[in-house]
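Reviewing the structure listed below.
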Amino acid sequence: EENIEPEYVRTLIRERGLAAEGASEAWPWTFRVHTLGNFRILRHDEPLGGSGKAQRRPLELLKLLVAYGGEQVSESRITDALWPRIDGDSAHRSFTSTLHRLRKLLGEERAIILREAKLTLDRRFFWVDAWAFDTLAARAEAAADPAAVEKLAEQMLSLYRGPFMTDDVDASWCLQTRERLRARLARTMGRVLARSLHDKYAEVDPVAAQQAVLSNR
């Protein structure tokens, strides 16, 4: 993050197999998942192979896990979203097969944890732009310093290359996350704009300027 011999440090991290826990985008992540705008997944900073028709369902499973927060996502919730017209043993077989294919595609068995019929993306392996965006938004919402909010807003904009999963525009399972992320961006940018207007017009109409700031908290 401080740009002190970053490539050398990344090499040491890889050689020693250090796990990332709460690390930044600068960490040499095994997987980088881009969901703001069109979906992309990189493995060791290279596009993940196998994006053809045969891999469509495994990648849908990964997208759905990200959309649902990536932690403790139940099998029933997954099967309801991906296989709504089948149930029982058939749905379970589809789930098991798709999970196996996704793990094979990723090439890292430990990246997805299955425990008590719930899936979790191991965050030691994944950097996800939507997760990074949420972290920045939370910091911006808690910040009181206008300069800090503005800096965080700039970082949020650099990540927000478009609505969540724009290439899955008709998928119902991503709508809630898409709207939530859009709303967080709008609130933060509203605060930045209100502060900018306050600074510009405070001498002309200080009461209206203060109201503009309060209305966007």
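Letters A, B, ... mark the chains of the structure tokens in the order given; residue numbers begin at 1 per chain; ligand numbers begin at 1, in order shown.
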| DSSP says alpha helix (DSSP H) for which residues of stretch 53-192 of chain A? Put them as a ChimeraX atom specification? | /A:56-67,75-82,88-106,129-142,146-159,175-192
| task | Might you pull out every residue within 7 Å of stretch 159-164 of chain A, with only C-alpha atoms counted and same-chain residues fewer than 5 positions away left off, and present them as a PyMOL selection string? | result | chain A and resi 35-37+129+133+178+182
Serialized selection, all heavy atoms, as an mmCIF file, in the first residue's frame:
data_model
loop_
_atom_site.group_PDB
_atom_site.id
_atom_site.type_symbol
_atom_site.label_atom_id
_atom_site.label_comp_id
_atom_site.auth_asym_id
_atom_site.auth_seq_id
_atom_site.Cartn_x
_atom_site.Cartn_y
_atom_site.Cartn_z
ATOM 1 N N THR A 35 -17.273 -7.386 -10.203
ATOM 2 C CA THR A 35 -18.721 -7.524 -10.378
ATOM 3 C C THR A 35 -19.401 -6.193 -10.670
ATOM 4 O O THR A 35 -20.560 -6.173 -11.067
ATOM 5 C CB THR A 35 -19.353 -8.100 -9.102
ATOM 6 O OG1 THR A 35 -19.128 -7.203 -8.002
ATOM 7 C CG2 THR A 35 -18.759 -9.460 -8.763
ATOM 8 N N LEU A 36 -18.697 -5.083 -10.448
ATOM 9 C CA LEU A 36 -19.260 -3.760 -10.705
ATOM 10 C C LEU A 36 -19.018 -3.416 -12.165
ATOM 11 O O LEU A 36 -17.903 -3.099 -12.572
ATOM 12 C CB LEU A 36 -18.632 -2.729 -9.767
ATOM 13 C CG LEU A 36 -18.934 -2.979 -8.285
ATOM 14 C CD1 LEU A 36 -18.112 -2.066 -7.398
ATOM 15 C CD2 LEU A 36 -20.419 -2.826 -8.008
ATOM 16 N N GLY A 37 -20.076 -3.512 -12.954
ATOM 17 C CA GLY A 37 -19.946 -3.524 -14.404
ATOM 18 C C GLY A 37 -20.057 -4.970 -14.856
ATOM 19 O O GLY A 37 -20.772 -5.773 -14.249
ATOM 20 N N ASP A 129 -14.501 -6.764 -5.797
ATOM 21 C CA ASP A 129 -14.671 -5.305 -5.842
ATOM 22 C C ASP A 129 -15.896 -4.847 -5.050
ATOM 23 O O ASP A 129 -15.864 -3.793 -4.396
ATOM 24 C CB ASP A 129 -14.715 -4.798 -7.288
ATOM 25 C CG ASP A 129 -15.826 -5.409 -8.123
ATOM 26 O OD1 ASP A 129 -16.554 -6.302 -7.627
ATOM 27 O OD2 ASP A 129 -15.965 -5.000 -9.295
ATOM 28 N N PHE A 133 -15.837 -2.180 -2.129
ATOM 29 C CA PHE A 133 -16.726 -1.016 -2.225
ATOM 30 C C PHE A 133 -17.527 -0.850 -0.935
ATOM 31 O O PHE A 133 -17.653 0.263 -0.404
ATOM 32 C CB PHE A 133 -17.662 -1.191 -3.418
ATOM 33 C CG PHE A 133 -18.633 -0.064 -3.624
ATOM 34 C CD1 PHE A 133 -18.310 1.004 -4.446
ATOM 35 C CD2 PHE A 133 -19.873 -0.076 -3.005
ATOM 36 C CE1 PHE A 133 -19.204 2.051 -4.637
ATOM 37 C CE2 PHE A 133 -20.774 0.954 -3.193
ATOM 38 C CZ PHE A 133 -20.435 2.018 -4.012
ATOM 39 N N ARG A 178 -27.584 -5.052 -6.276
ATOM 40 C CA ARG A 178 -27.360 -3.963 -7.232
ATOM 41 C C ARG A 178 -27.923 -2.647 -6.705
ATOM 42 O O ARG A 178 -27.252 -1.607 -6.734
ATOM 43 C CB ARG A 178 -28.002 -4.314 -8.575
ATOM 44 C CG ARG A 178 -27.794 -3.261 -9.663
ATOM 45 C CD ARG A 178 -28.492 -3.697 -10.944
ATOM 46 N NE ARG A 178 -27.925 -4.944 -11.432
ATOM 47 C CZ ARG A 178 -28.580 -5.815 -12.200
ATOM 48 N NH1 ARG A 178 -29.833 -5.578 -12.548
ATOM 49 N NH2 ARG A 178 -27.985 -6.925 -12.606
ATOM 50 N N ARG A 182 -25.830 0.739 -5.379
ATOM 51 C CA ARG A 182 -26.139 2.004 -6.044
ATOM 52 C C ARG A 182 -26.564 3.065 -5.015
ATOM 53 O O ARG A 182 -26.160 4.223 -5.095
ATOM 54 C CB ARG A 182 -27.248 1.797 -7.076
ATOM 55 C CG ARG A 182 -27.410 2.954 -8.069
ATOM 56 C CD ARG A 182 -28.775 2.938 -8.709
ATOM 57 N NE ARG A 182 -29.174 1.640 -9.202
ATOM 58 C CZ ARG A 182 -29.005 1.212 -10.451
ATOM 59 N NH1 ARG A 182 -28.408 1.978 -11.340
ATOM 60 N NH2 ARG A 182 -29.426 0.026 -10.812
#
| Hey, what's within 10 Å of stretch 15-20 of chain A if we count only C-alpha atoms and toss same-chain stuff fewer than 6 positions away? As a list in words, please? | Val9, Trp27, Pro28, Trp29, Thr30, Asp122, Arg123, Arg124, Phe125, Phe126 and Trp127 of chain A
Residue selection dump (N, CA, C and O atoms) as a PDB file, in the first residue's frame:
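Contents of result-v1.pdb, as written:
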ATOM      1  N   VAL A   9       7.750  -7.643  -2.314  1.00  0.00           N
ATOM      2  CA  VAL A   9       6.893  -8.077  -1.207  1.00  0.00           C
ATOM      3  C   VAL A   9       5.868  -9.102  -1.693  1.00  0.00           C
ATOM      4  O   VAL A   9       5.602 -10.110  -1.020  1.00  0.00           O
ATOM      5  N   TRP A  27      -2.583  -6.632  -2.354  1.00  0.00           N
ATOM      6  CA  TRP A  27      -2.145  -7.985  -1.988  1.00  0.00           C
ATOM      7  C   TRP A  27      -2.172  -8.883  -3.227  1.00  0.00           C
ATOM      8  O   TRP A  27      -3.047  -8.720  -4.083  1.00  0.00           O
ATOM      9  N   PRO A  28      -1.245  -9.827  -3.345  1.00  0.00           N
ATOM     10  CA  PRO A  28      -1.267 -10.742  -4.500  1.00  0.00           C
ATOM     11  C   PRO A  28      -2.338 -11.829  -4.332  1.00  0.00           C
ATOM     12  O   PRO A  28      -2.052 -12.978  -4.014  1.00  0.00           O
ATOM     13  N   TRP A  29      -3.564 -11.446  -4.541  1.00  0.00           N
ATOM     14  CA  TRP A  29      -4.694 -12.352  -4.324  1.00  0.00           C
ATOM     15  C   TRP A  29      -4.664 -13.522  -5.303  1.00  0.00           C
ATOM     16  O   TRP A  29      -4.261 -13.374  -6.455  1.00  0.00           O
ATOM     17  N   THR A  30      -5.139 -14.665  -4.833  1.00  0.00           N
ATOM     18  CA  THR A  30      -5.297 -15.808  -5.743  1.00  0.00           C
ATOM     19  C   THR A  30      -6.369 -15.502  -6.775  1.00  0.00           C
ATOM     20  O   THR A  30      -6.189 -15.741  -7.972  1.00  0.00           O
ATOM     21  N   ASP A 122     -13.863 -18.352   0.944  1.00  0.00           N
ATOM     22  CA  ASP A 122     -12.783 -18.070   1.888  1.00  0.00           C
ATOM     23  C   ASP A 122     -12.104 -16.761   1.492  1.00  0.00           C
ATOM     24  O   ASP A 122     -11.458 -16.668   0.445  1.00  0.00           O
ATOM     25  N   ARG A 123     -12.246 -15.751   2.335  1.00  0.00           N
ATOM     26  CA  ARG A 123     -11.759 -14.417   1.999  1.00  0.00           C
ATOM     27  C   ARG A 123     -10.235 -14.314   2.038  1.00  0.00           C
ATOM     28  O   ARG A 123      -9.691 -13.276   1.688  1.00  0.00           O
ATOM     29  N   ARG A 124      -9.556 -15.354   2.433  1.00  0.00           N
ATOM     30  CA  ARG A 124      -8.101 -15.353   2.330  1.00  0.00           C
ATOM     31  C   ARG A 124      -7.659 -15.515   0.879  1.00  0.00           C
ATOM     32  O   ARG A 124      -6.513 -15.212   0.546  1.00  0.00           O
ATOM     33  N   PHE A 125      -8.564 -16.002   0.028  1.00  0.00           N
ATOM     34  CA  PHE A 125      -8.224 -16.247  -1.373  1.00  0.00           C
ATOM     35  C   PHE A 125      -8.835 -15.214  -2.322  1.00  0.00           C
ATOM     36  O   PHE A 125      -8.336 -15.037  -3.434  1.00  0.00           O
ATOM     37  N   PHE A 126      -9.933 -14.562  -1.907  1.00  0.00           N
ATOM     38  CA  PHE A 126     -10.700 -13.728  -2.822  1.00  0.00           C
ATOM     39  C   PHE A 126     -10.600 -12.244  -2.482  1.00  0.00           C
ATOM     40  O   PHE A 126     -10.756 -11.845  -1.326  1.00  0.00           O
ATOM     41  N   TRP A 127     -10.362 -11.437  -3.516  1.00  0.00           N
ATOM     42  CA  TRP A 127     -10.650 -10.002  -3.459  1.00  0.00           C
ATOM     43  C   TRP A 127     -11.828  -9.770  -4.399  1.00  0.00           C
ATOM     44  O   TRP A 127     -11.809 -10.169  -5.567  1.00  0.00           O
TER      45      TRP A 127
END
| query | What is the atom CA of A:Ala67-atom CA of A:Arg43 distance in Å, reported with one decimal? | reply |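 Atom-to-atom, atom CA of A:Ala67 to atom CA of A:Arg43, that is 19.6 Å.
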| message | My list of candidates is A:Glu25, A:Glu108, A:Asp168, A:Glu71. Which is closest to A:Thr120 when distances are computed with only C-alpha atoms? | response | A:Glu71
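DSSP, applied to the backbone of this structure, assigns strand (DSSP E or B) to the following residues of stretch 95-200 of chain A: Ile112, Ile113, Leu114, Arg115, Lys118, Leu119, Thr120, Leu121, Phe126, Trp127, Val128 and Phe164 of chain A.
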Would you export the selected residues with N, CA, C and O atoms as a PDB file, in the first residue's frame, please?
ATOM      1  N   ILE A 112     -13.528 -22.508  -1.535  1.00  0.00           N
ATOM      2  CA  ILE A 112     -14.960 -22.542  -1.227  1.00  0.00           C
ATOM      3  C   ILE A 112     -15.198 -23.587  -0.154  1.00  0.00           C
ATOM      4  O   ILE A 112     -14.898 -24.759  -0.336  1.00  0.00           O
ATOM      5  N   ILE A 113     -15.738 -23.146   0.959  1.00  0.00           N
ATOM      6  CA  ILE A 113     -15.951 -24.017   2.110  1.00  0.00           C
ATOM      7  C   ILE A 113     -17.407 -24.469   2.134  1.00  0.00           C
ATOM      8  O   ILE A 113     -18.320 -23.648   2.047  1.00  0.00           O
ATOM      9  N   LEU A 114     -17.616 -25.784   2.247  1.00  0.00           N
ATOM     10  CA  LEU A 114     -18.956 -26.346   2.406  1.00  0.00           C
ATOM     11  C   LEU A 114     -19.043 -26.948   3.798  1.00  0.00           C
ATOM     12  O   LEU A 114     -18.320 -27.887   4.127  1.00  0.00           O
ATOM     13  N   ARG A 115     -19.920 -26.366   4.614  1.00  0.00           N
ATOM     14  CA  ARG A 115     -20.076 -26.861   5.978  1.00  0.00           C
ATOM     15  C   ARG A 115     -21.537 -26.771   6.373  1.00  0.00           C
ATOM     16  O   ARG A 115     -22.143 -25.705   6.282  1.00  0.00           O
ATOM     17  N   LYS A 118     -23.941 -25.269   3.859  1.00  0.00           N
ATOM     18  CA  LYS A 118     -23.807 -23.841   3.596  1.00  0.00           C
ATOM     19  C   LYS A 118     -22.448 -23.560   2.965  1.00  0.00           C
ATOM     20  O   LYS A 118     -21.441 -24.146   3.372  1.00  0.00           O
ATOM     21  N   LEU A 119     -22.434 -22.677   1.971  1.00  0.00           N
ATOM     22  CA  LEU A 119     -21.209 -22.343   1.252  1.00  0.00           C
ATOM     23  C   LEU A 119     -20.664 -20.997   1.708  1.00  0.00           C
ATOM     24  O   LEU A 119     -21.409 -20.047   1.930  1.00  0.00           O
ATOM     25  N   THR A 120     -19.329 -20.933   1.796  1.00  0.00           N
ATOM     26  CA  THR A 120     -18.633 -19.699   2.141  1.00  0.00           C
ATOM     27  C   THR A 120     -17.425 -19.549   1.231  1.00  0.00           C
ATOM     28  O   THR A 120     -16.677 -20.502   1.020  1.00  0.00           O
ATOM     29  N   LEU A 121     -17.252 -18.340   0.680  1.00  0.00           N
ATOM     30  CA  LEU A 121     -16.044 -18.022  -0.069  1.00  0.00           C
ATOM     31  C   LEU A 121     -14.970 -17.623   0.935  1.00  0.00           C
ATOM     32  O   LEU A 121     -15.165 -16.676   1.697  1.00  0.00           O
ATOM     33  N   PHE A 126      -9.933 -14.562  -1.907  1.00  0.00           N
ATOM     34  CA  PHE A 126     -10.700 -13.728  -2.822  1.00  0.00           C
ATOM     35  C   PHE A 126     -10.600 -12.244  -2.482  1.00  0.00           C
ATOM     36  O   PHE A 126     -10.756 -11.845  -1.326  1.00  0.00           O
ATOM     37  N   TRP A 127     -10.362 -11.437  -3.516  1.00  0.00           N
ATOM     38  CA  TRP A 127     -10.650 -10.002  -3.459  1.00  0.00           C
ATOM     39  C   TRP A 127     -11.828  -9.770  -4.399  1.00  0.00           C
ATOM     40  O   TRP A 127     -11.809 -10.169  -5.567  1.00  0.00           O
ATOM     41  N   VAL A 128     -12.874  -9.135  -3.883  1.00  0.00           N
ATOM     42  CA  VAL A 128     -14.077  -8.870  -4.666  1.00  0.00           C
ATOM     43  C   VAL A 128     -14.344  -7.376  -4.637  1.00  0.00           C
ATOM     44  O   VAL A 128     -14.392  -6.770  -3.550  1.00  0.00           O
ATOM     45  N   PHE A 164     -23.958  -3.398 -10.425  1.00  0.00           N
ATOM     46  CA  PHE A 164     -23.571  -4.754 -10.062  1.00  0.00           C
ATOM     47  C   PHE A 164     -24.084  -5.756 -11.098  1.00  0.00           C
ATOM     48  O   PHE A 164     -25.263  -5.790 -11.407  1.00  0.00           O
TER      49      PHE A 164
END
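Non-sequential neighbours of stretch 72-83 of chain A (distance at most 8 Å, separation of 2 or more positions within a chain, only C-alpha atoms) are Leu61, Leu64, Leu65, Tyr68, Gly69, Gly70, Arg85, Ile86, Asp87, Ala91, His92, Phe95, Ala117, Lys118, Leu119, Thr120 and Trp173 of chain A.
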How about saving the chosen residues, C-alpha atoms kept, as a CSV table (one decimal), in the first residue's frame?
chain,number,residue,atom,x,y,z
A,61,LEU,CA,-22.9,-20.2,-8.7
A,64,LEU,CA,-24.7,-15.9,-6.7
A,65,LEU,CA,-22.4,-16.5,-3.8
A,68,TYR,CA,-25.5,-13.2,-1.3
A,69,GLY,CA,-22.6,-11.9,0.7
A,70,GLY,CA,-20.2,-14.9,0.2
A,85,ARG,CA,-38.2,-25.8,-11.3
A,86,ILE,CA,-36.6,-28.9,-9.7
A,87,ASP,CA,-36.6,-30.0,-6.0
A,91,ALA,CA,-31.8,-30.2,-7.0
A,92,HIS,CA,-29.2,-31.5,-4.5
A,95,PHE,CA,-25.9,-28.3,-6.6
A,117,ALA,CA,-25.0,-27.4,3.7
A,118,LYS,CA,-23.8,-23.8,3.6
A,119,LEU,CA,-21.2,-22.3,1.3
A,120,THR,CA,-18.6,-19.7,2.1
A,173,TRP,CA,-30.9,-12.8,-7.4
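Remark: for A:Glu2, the closest of the candidate residues A:Glu150, A:Arg14, A:Leu193, A:Ser24 is A:Ser24 (distances computed over only C-alpha atoms).
In this structure, atom CA of A:Cys174 sits 23.3 Å away from atom CA of A:Glu141.
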